[in-house]
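Data from final_4.txt: compact mmCIF, C-alpha atoms
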# COMPACT_ATOMS: atom_id res chain seq x y z
CA MET T 1 26.88 52.55 59.96
CA SER T 2 24.21 50.12 59.15
CA PRO T 3 24.83 46.41 59.25
CA ALA T 4 25.75 44.92 55.88
CA GLN T 5 22.80 43.89 53.86
CA PRO T 6 23.10 40.46 52.25
CA MET T 7 23.52 40.63 48.52
CA PRO T 8 20.66 39.21 46.51
CA PRO T 9 21.60 35.95 44.83
CA LYS T 10 22.93 36.27 41.30
CA PRO T 11 20.38 35.24 38.74
CA GLN T 12 21.32 31.94 37.18
CA PRO T 13 21.45 31.88 33.43
CA ARG T 14 18.36 30.28 31.95
CA ILE T 15 18.94 27.38 29.72
CA ALA T 16 16.20 27.20 27.18
CA LYS T 17 14.78 23.75 26.90
CA LYS T 18 14.47 22.56 23.37
CA ALA T 19 10.88 21.91 22.54
CA ALA T 20 10.22 18.40 21.41
CA PRO T 21 9.94 18.29 17.66
CA PRO T 22 6.37 18.10 16.49
CA PRO T 23 5.37 14.54 15.75
CA SER T 24 5.81 13.81 12.09
CA PRO T 25 2.53 13.19 10.34
CA ARG T 26 1.70 9.56 9.90
CA ILE T 27 1.11 8.12 6.45
CA ARG T 28 -2.60 7.40 6.12
CA VAL T 29 -3.36 4.04 4.50
CA ILE T 30 -6.50 2.21 3.39
CA VAL T 31 -6.24 -1.57 2.95
CA ALA T 32 -8.50 -3.17 0.34
CA ASP T 33 -8.67 -6.96 0.09
CA THR T 34 -11.62 -9.26 -0.47
CA GLN T 35 -10.19 -11.84 1.95
CA ALA T 36 -10.90 -10.82 5.58
CA ILE T 37 -7.98 -12.76 7.08
CA ASP T 38 -5.51 -11.35 4.56
CA ARG T 39 -6.88 -7.84 5.07
CA GLY T 40 -6.59 -8.20 8.85
CA GLY T 41 -3.00 -9.37 8.53
CA LEU T 42 -2.08 -6.37 6.38
CA VAL T 43 -3.81 -3.99 8.80
CA GLY T 44 -1.92 -5.49 11.75
CA LEU T 45 1.44 -5.25 10.00
CA ILE T 46 0.93 -1.68 8.79
CA ASP T 47 -0.47 -0.41 12.09
CA GLY T 48 2.61 -1.80 13.83
CA GLU T 49 4.77 0.85 12.17
CA ARG T 50 5.14 4.19 14.01
CA ASP T 51 4.83 6.32 10.88
CA LEU T 52 1.98 4.39 9.23
CA GLU T 53 -1.70 4.46 10.17
CA VAL T 54 -4.53 2.40 8.72
CA VAL T 55 -7.51 4.73 8.49
CA GLY T 56 -9.86 2.34 6.72
CA GLU T 57 -10.30 -1.07 5.19
CA SER T 58 -12.59 -2.41 2.51
CA ALA T 59 -13.57 -5.66 0.84
CA THR T 60 -15.04 -4.48 -2.48
CA VAL T 61 -14.31 -1.98 -5.22
CA GLU T 62 -17.36 0.07 -4.28
CA GLU T 63 -16.39 0.21 -0.58
CA THR T 64 -12.85 1.17 -1.54
CA ILE T 65 -14.02 4.05 -3.70
CA ARG T 66 -16.33 5.34 -0.94
CA GLN T 67 -13.66 5.08 1.75
CA CYS T 68 -10.92 6.66 -0.35
CA ALA T 69 -13.18 9.54 -1.40
CA THR T 70 -14.20 10.16 2.22
CA LEU T 71 -11.00 9.43 4.18
CA LYS T 72 -8.47 10.74 1.62
CA PRO T 73 -5.62 8.30 2.35
CA ASP T 74 -2.04 8.96 1.32
CA VAL T 75 -1.81 5.39 -0.05
CA LEU T 76 -4.24 2.64 -0.99
CA VAL T 77 -2.80 -0.85 -0.49
CA MET T 78 -4.99 -3.13 -2.59
CA ALA T 79 -5.14 -6.73 -3.69
CA MET T 80 -5.43 -7.11 -7.44
CA GLY T 81 -8.16 -9.69 -6.92
CA LEU T 82 -10.46 -7.18 -5.21
CA SER T 83 -14.04 -7.97 -6.13
CA GLY T 84 -16.68 -5.58 -7.32
CA GLN T 85 -19.87 -5.30 -9.31
CA GLU T 86 -18.16 -3.82 -12.37
CA PRO T 87 -16.98 -6.24 -15.06
CA LYS T 88 -13.63 -4.43 -15.28
CA PRO T 89 -10.40 -4.73 -13.30
CA ALA T 90 -10.74 -3.27 -9.80
CA LEU T 91 -7.83 -0.86 -10.11
CA LYS T 92 -9.12 0.54 -13.40
CA ALA T 93 -12.57 1.16 -11.83
CA ILE T 94 -11.01 2.87 -8.79
CA ARG T 95 -8.63 5.06 -10.83
CA GLU T 96 -11.47 6.22 -13.11
CA VAL T 97 -13.18 7.76 -10.07
CA LEU T 98 -10.03 8.72 -8.11
CA PRO T 99 -7.29 9.42 -10.67
CA GLU T 100 -4.92 11.09 -8.17
CA LEU T 101 -5.01 8.19 -5.70
CA ARG T 102 -1.59 6.65 -4.98
CA VAL T 103 -1.86 2.87 -5.15
CA LEU T 104 0.33 -0.04 -4.05
CA ALA T 105 -0.97 -3.17 -5.82
CA LEU T 106 -0.47 -6.65 -4.33
CA ALA T 107 -0.71 -9.94 -6.22
CA ASP T 108 -0.06 -13.57 -5.43
CA ARG T 109 2.09 -15.01 -8.18
CA PRO T 110 4.25 -14.01 -11.11
CA ALA T 111 3.02 -14.88 -14.61
CA ASP T 112 5.16 -18.02 -14.83
CA ARG T 113 3.37 -19.48 -11.78
CA CYS T 114 -0.12 -18.14 -12.45
CA VAL T 115 -2.54 -21.06 -12.58
CA VAL T 116 -4.77 -19.15 -15.01
CA LEU T 117 -2.03 -18.09 -17.42
CA ASN T 118 -0.14 -21.36 -17.06
CA PRO T 119 -2.53 -24.10 -15.94
CA PRO T 120 -1.01 -27.30 -14.58
CA SER T 121 -0.38 -30.00 -17.17
CA ARG T 122 -3.37 -32.24 -17.36
CA HIS T 123 -5.54 -33.80 -19.95
CA PRO T 124 -8.95 -32.14 -20.13
CA ARG T 125 -11.92 -34.45 -20.27
CA PRO T 126 -13.81 -34.56 -23.55
CA GLY T 127 -15.83 -31.38 -23.92
CA GLU T 128 -14.06 -29.63 -21.03
CA THR T 129 -12.53 -26.27 -21.79
CA VAL T 130 -9.61 -24.78 -19.92
CA PRO T 131 -10.48 -21.25 -18.83
CA ALA T 132 -8.45 -18.54 -20.49
CA CYS T 133 -7.06 -15.63 -18.52
CA THR T 134 -9.21 -12.55 -19.11
CA VAL T 135 -6.17 -10.41 -18.48
CA GLY T 136 -3.61 -12.22 -20.59
CA THR T 137 -0.72 -10.81 -18.61
CA ASP T 138 0.85 -10.75 -15.17
CA CYS T 139 -1.50 -9.07 -12.66
CA LEU T 140 1.12 -6.59 -11.46
CA ARG T 141 2.04 -5.64 -15.01
CA LEU T 142 -1.65 -4.88 -15.51
CA ALA T 143 -1.61 -2.84 -12.29
CA VAL T 144 1.10 -0.61 -13.75
CA VAL T 145 -0.92 -0.15 -16.95
CA HIS T 146 -3.89 0.97 -14.83
CA GLY T 147 -1.84 3.45 -12.80
CA ALA T 148 -0.43 1.69 -9.73
CA MET T 149 2.61 3.55 -8.43
CA ALA T 150 3.94 0.42 -6.74
CA THR T 151 3.66 -3.34 -7.06
CA LEU T 152 4.53 -6.11 -4.68
CA ARG T 153 4.08 -9.86 -4.43
CA ARG T 154 2.28 -11.11 -1.33
CA SER T 155 5.33 -13.26 -0.67
CA ALA T 156 7.47 -10.14 -0.11
CA ASP T 157 8.98 -9.33 3.25
CA PRO T 158 6.83 -6.89 5.30
CA GLU T 159 9.76 -4.45 5.45
CA GLU T 160 9.67 -4.25 1.67
CA MET T 161 5.96 -3.41 1.84
CA PHE T 162 6.65 -0.64 4.37
CA ARG T 163 9.36 0.82 2.11
CA ALA T 164 6.96 0.69 -0.85
CA ILE T 165 4.20 2.47 1.11
CA ARG T 166 6.62 5.21 2.20
CA ALA T 167 7.92 5.64 -1.35
CA VAL T 168 4.42 5.92 -2.80
CA ALA T 169 3.36 8.40 -0.10
CA GLU T 170 6.30 10.58 -1.19
CA GLY T 171 5.19 10.34 -4.83
CA ASN T 172 7.80 7.81 -5.93
CA ALA T 173 7.29 4.58 -7.84
CA TRP T 174 8.25 1.21 -6.32
CA PHE T 175 8.15 -2.02 -8.31
CA ASP T 176 9.03 -5.53 -7.25
CA SER T 177 11.91 -6.91 -9.28
CA GLY T 178 9.71 -9.16 -11.45
CA THR T 179 7.44 -6.30 -12.49
CA ALA T 180 10.41 -4.00 -13.01
CA ASP T 181 11.91 -6.59 -15.40
CA LEU T 182 8.61 -6.85 -17.31
CA ILE T 183 8.39 -3.06 -17.63
CA ARG T 184 12.02 -2.78 -18.73
CA ASN T 185 11.47 -5.43 -21.40
CA ASP T 186 8.36 -3.79 -22.86
Let me see whether you can do it: turn the structure in this file into structure tokens.
Amino acid sequence: MSPAQPMPPKPQPRIAKKAAPPPSPRIRVIVADTQAIDRGGLVGLIDGERDLEVVGESATVEETIRQCATLKPDVLVMAMGLSGQEPKPALKAIREVLPELRVLALADRPADRCVVLNPPSRHPRPGETVPACTVGTDCLRLAVVHGAMATLRRSADPEEMFRAIRAVAEGNAWFDSGTADLIRND
């Protein structure tokens, strides 16, 4: 009789490792603001979010149109005071060229604190004229008229801006409470 042969070890059951989920695509954002320090602050805030990515920045209407046409962002975050060569509101000029662009518009003050719409009480000197607002309305209300999907005051909390960017990227509207009230009352 031959000596007993050792039995081969039993195969251990294989436990399939779950593959890591693919990274979710980041929301691509372009920041447009004439003021370099403000633009840099917005870029820093947005880039600090895991799911948001600033792919470009611009300081004029013309630069914004070029960058958006080339880089195809999911969302354009733009200051309503963006300067350009056209004598029309920046957002209107941008939307004429890029009508499908999703825009979050930022402005400084509500109408009741706008120094153009409501200049401080003072007595003009003889012959001095007080400039009239060329818009005649709140800047963010105008943004909605020209196709912004979201509006926000610059005084808003950054988390609110992030929520607005995400909402716009998904195709949803997002309005700050002041603009929402103006729209509701129209």
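With only C-alpha atoms as the atoms that count, the residue of T:Thr34, T:Glu53, T:Gly40, T:Gln67 with the shortest distance to Ser83 in chain T is T:Thr34.
Atom to atom, CA of Val61 in chain T and CA of Leu104 in chain T stand 14.8 Å apart.
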For range 157-160 of chain T, list every protein, DNA or RNA residue within 10 Å, evaluated using all atoms listed in the file, and leave out those in the same chain fewer than 4 positions away; present the list as an mmCIF file with C-alpha atoms, in the frame of the given file.
data_model
loop_
_atom_site.group_PDB
_atom_site.id
_atom_site.type_symbol
_atom_site.label_atom_id
_atom_site.label_comp_id
_atom_site.auth_asym_id
_atom_site.auth_seq_id
_atom_site.Cartn_x
_atom_site.Cartn_y
_atom_site.Cartn_z
ATOM 1 C CA LEU T 42 -2.080 -6.370 6.380
ATOM 2 C CA LEU T 45 1.440 -5.250 10.000
ATOM 3 C CA ILE T 46 0.930 -1.680 8.790
ATOM 4 C CA GLU T 49 4.770 0.850 12.170
ATOM 5 C CA LEU T 152 4.530 -6.110 -4.680
ATOM 6 C CA ARG T 153 4.080 -9.860 -4.430
ATOM 7 C CA ALA T 164 6.960 0.690 -0.850
ATOM 8 C CA ILE T 165 4.200 2.470 1.110
ATOM 9 C CA ARG T 166 6.620 5.210 2.200
ATOM 10 C CA TRP T 174 8.250 1.210 -6.320
ATOM 11 C CA ASP T 176 9.030 -5.530 -7.250
#
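Pairwise distance (CA of Ala173 in chain T, CA of Asp74 in chain T) equals 13.8 Å.
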Select, counting all atoms listed in the file, all protein, DNA and RNA residues no farther than 8 Å from (-0.3, -8.4, -2.8) in file coordinates, and express the selection as a list in words.
-> Met78, Ala79, Met80, Ala105, Leu106, Ala107, Asp108, Thr151, Leu152, Arg153, Arg154 and Ser155 of chain T
Can I get the selected residues back with C-alpha atoms, as a PDB file, in the coordinates of the input?
ATOM      1  CA  MET T  78      -4.990  -3.130  -2.590  1.00  0.00           C
ATOM      2  CA  ALA T  79      -5.140  -6.730  -3.690  1.00  0.00           C
ATOM      3  CA  MET T  80      -5.430  -7.110  -7.440  1.00  0.00           C
ATOM      4  CA  ALA T 105      -0.970  -3.170  -5.820  1.00  0.00           C
ATOM      5  CA  LEU T 106      -0.470  -6.650  -4.330  1.00  0.00           C
ATOM      6  CA  ALA T 107      -0.710  -9.940  -6.220  1.00  0.00           C
ATOM      7  CA  ASP T 108      -0.060 -13.570  -5.430  1.00  0.00           C
ATOM      8  CA  THR T 151       3.660  -3.340  -7.060  1.00  0.00           C
ATOM      9  CA  LEU T 152       4.530  -6.110  -4.680  1.00  0.00           C
ATOM     10  CA  ARG T 153       4.080  -9.860  -4.430  1.00  0.00           C
ATOM     11  CA  ARG T 154       2.280 -11.110  -1.330  1.00  0.00           C
ATOM     12  CA  SER T 155       5.330 -13.260  -0.670  1.00  0.00           C
TER      13      SER T 155
END
Spatial neighbours of range 91-97 of chain T, max dist 10 Å, all atoms listed in the file, sep filter under 2 positions, as a CSV table (one decimal) with C-alpha atoms, in the coordinates of the input:
chain,number,residue,atom,x,y,z
T,61,VAL,CA,-14.3,-2.0,-5.2
T,62,GLU,CA,-17.4,0.1,-4.3
T,64,THR,CA,-12.8,1.2,-1.5
T,65,ILE,CA,-14.0,4.0,-3.7
T,66,ARG,CA,-16.3,5.3,-0.9
T,68,CYS,CA,-10.9,6.7,-0.4
T,69,ALA,CA,-13.2,9.5,-1.4
T,78,MET,CA,-5.0,-3.1,-2.6
T,79,ALA,CA,-5.1,-6.7,-3.7
T,80,MET,CA,-5.4,-7.1,-7.4
T,81,GLY,CA,-8.2,-9.7,-6.9
T,82,LEU,CA,-10.5,-7.2,-5.2
T,84,GLY,CA,-16.7,-5.6,-7.3
T,86,GLU,CA,-18.2,-3.8,-12.4
T,87,PRO,CA,-17.0,-6.2,-15.1
T,88,LYS,CA,-13.6,-4.4,-15.3
T,89,PRO,CA,-10.4,-4.7,-13.3
T,99,PRO,CA,-7.3,9.4,-10.7
T,100,GLU,CA,-4.9,11.1,-8.2
T,101,LEU,CA,-5.0,8.2,-5.7
T,102,ARG,CA,-1.6,6.6,-5.0
T,103,VAL,CA,-1.9,2.9,-5.2
T,105,ALA,CA,-1.0,-3.2,-5.8
T,142,LEU,CA,-1.6,-4.9,-15.5
T,143,ALA,CA,-1.6,-2.8,-12.3
T,144,VAL,CA,1.1,-0.6,-13.8
T,145,VAL,CA,-0.9,-0.2,-17.0
T,146,HIS,CA,-3.9,1.0,-14.8
T,147,GLY,CA,-1.8,3.4,-12.8
T,148,ALA,CA,-0.4,1.7,-9.7
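The coordinates place CA of Leu140 in chain T at 21.4 Å from CA of Pro73 in chain T.
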Give as a PyMOL selection string every residue, naming chains and numbers as the document does, that has an atom within 8 Å of (-8.7, 8.5, 6.7), counting all atoms listed in the file.
-> chain T and resi 28-30+54-56+67-68+70-73
Taking into account only C-alpha atoms, which residue in the set T:Leu98, T:Ala90, T:Phe162, T:Met149 is nearest to Asp47 in chain T?
-> T:Phe162
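With only C-alpha atoms as the basis for measurement, T:Ser177 is the residue among T:Asp38, T:Arg26, T:Val43, T:Ser177 that approaches Arg141 in chain T most closely.
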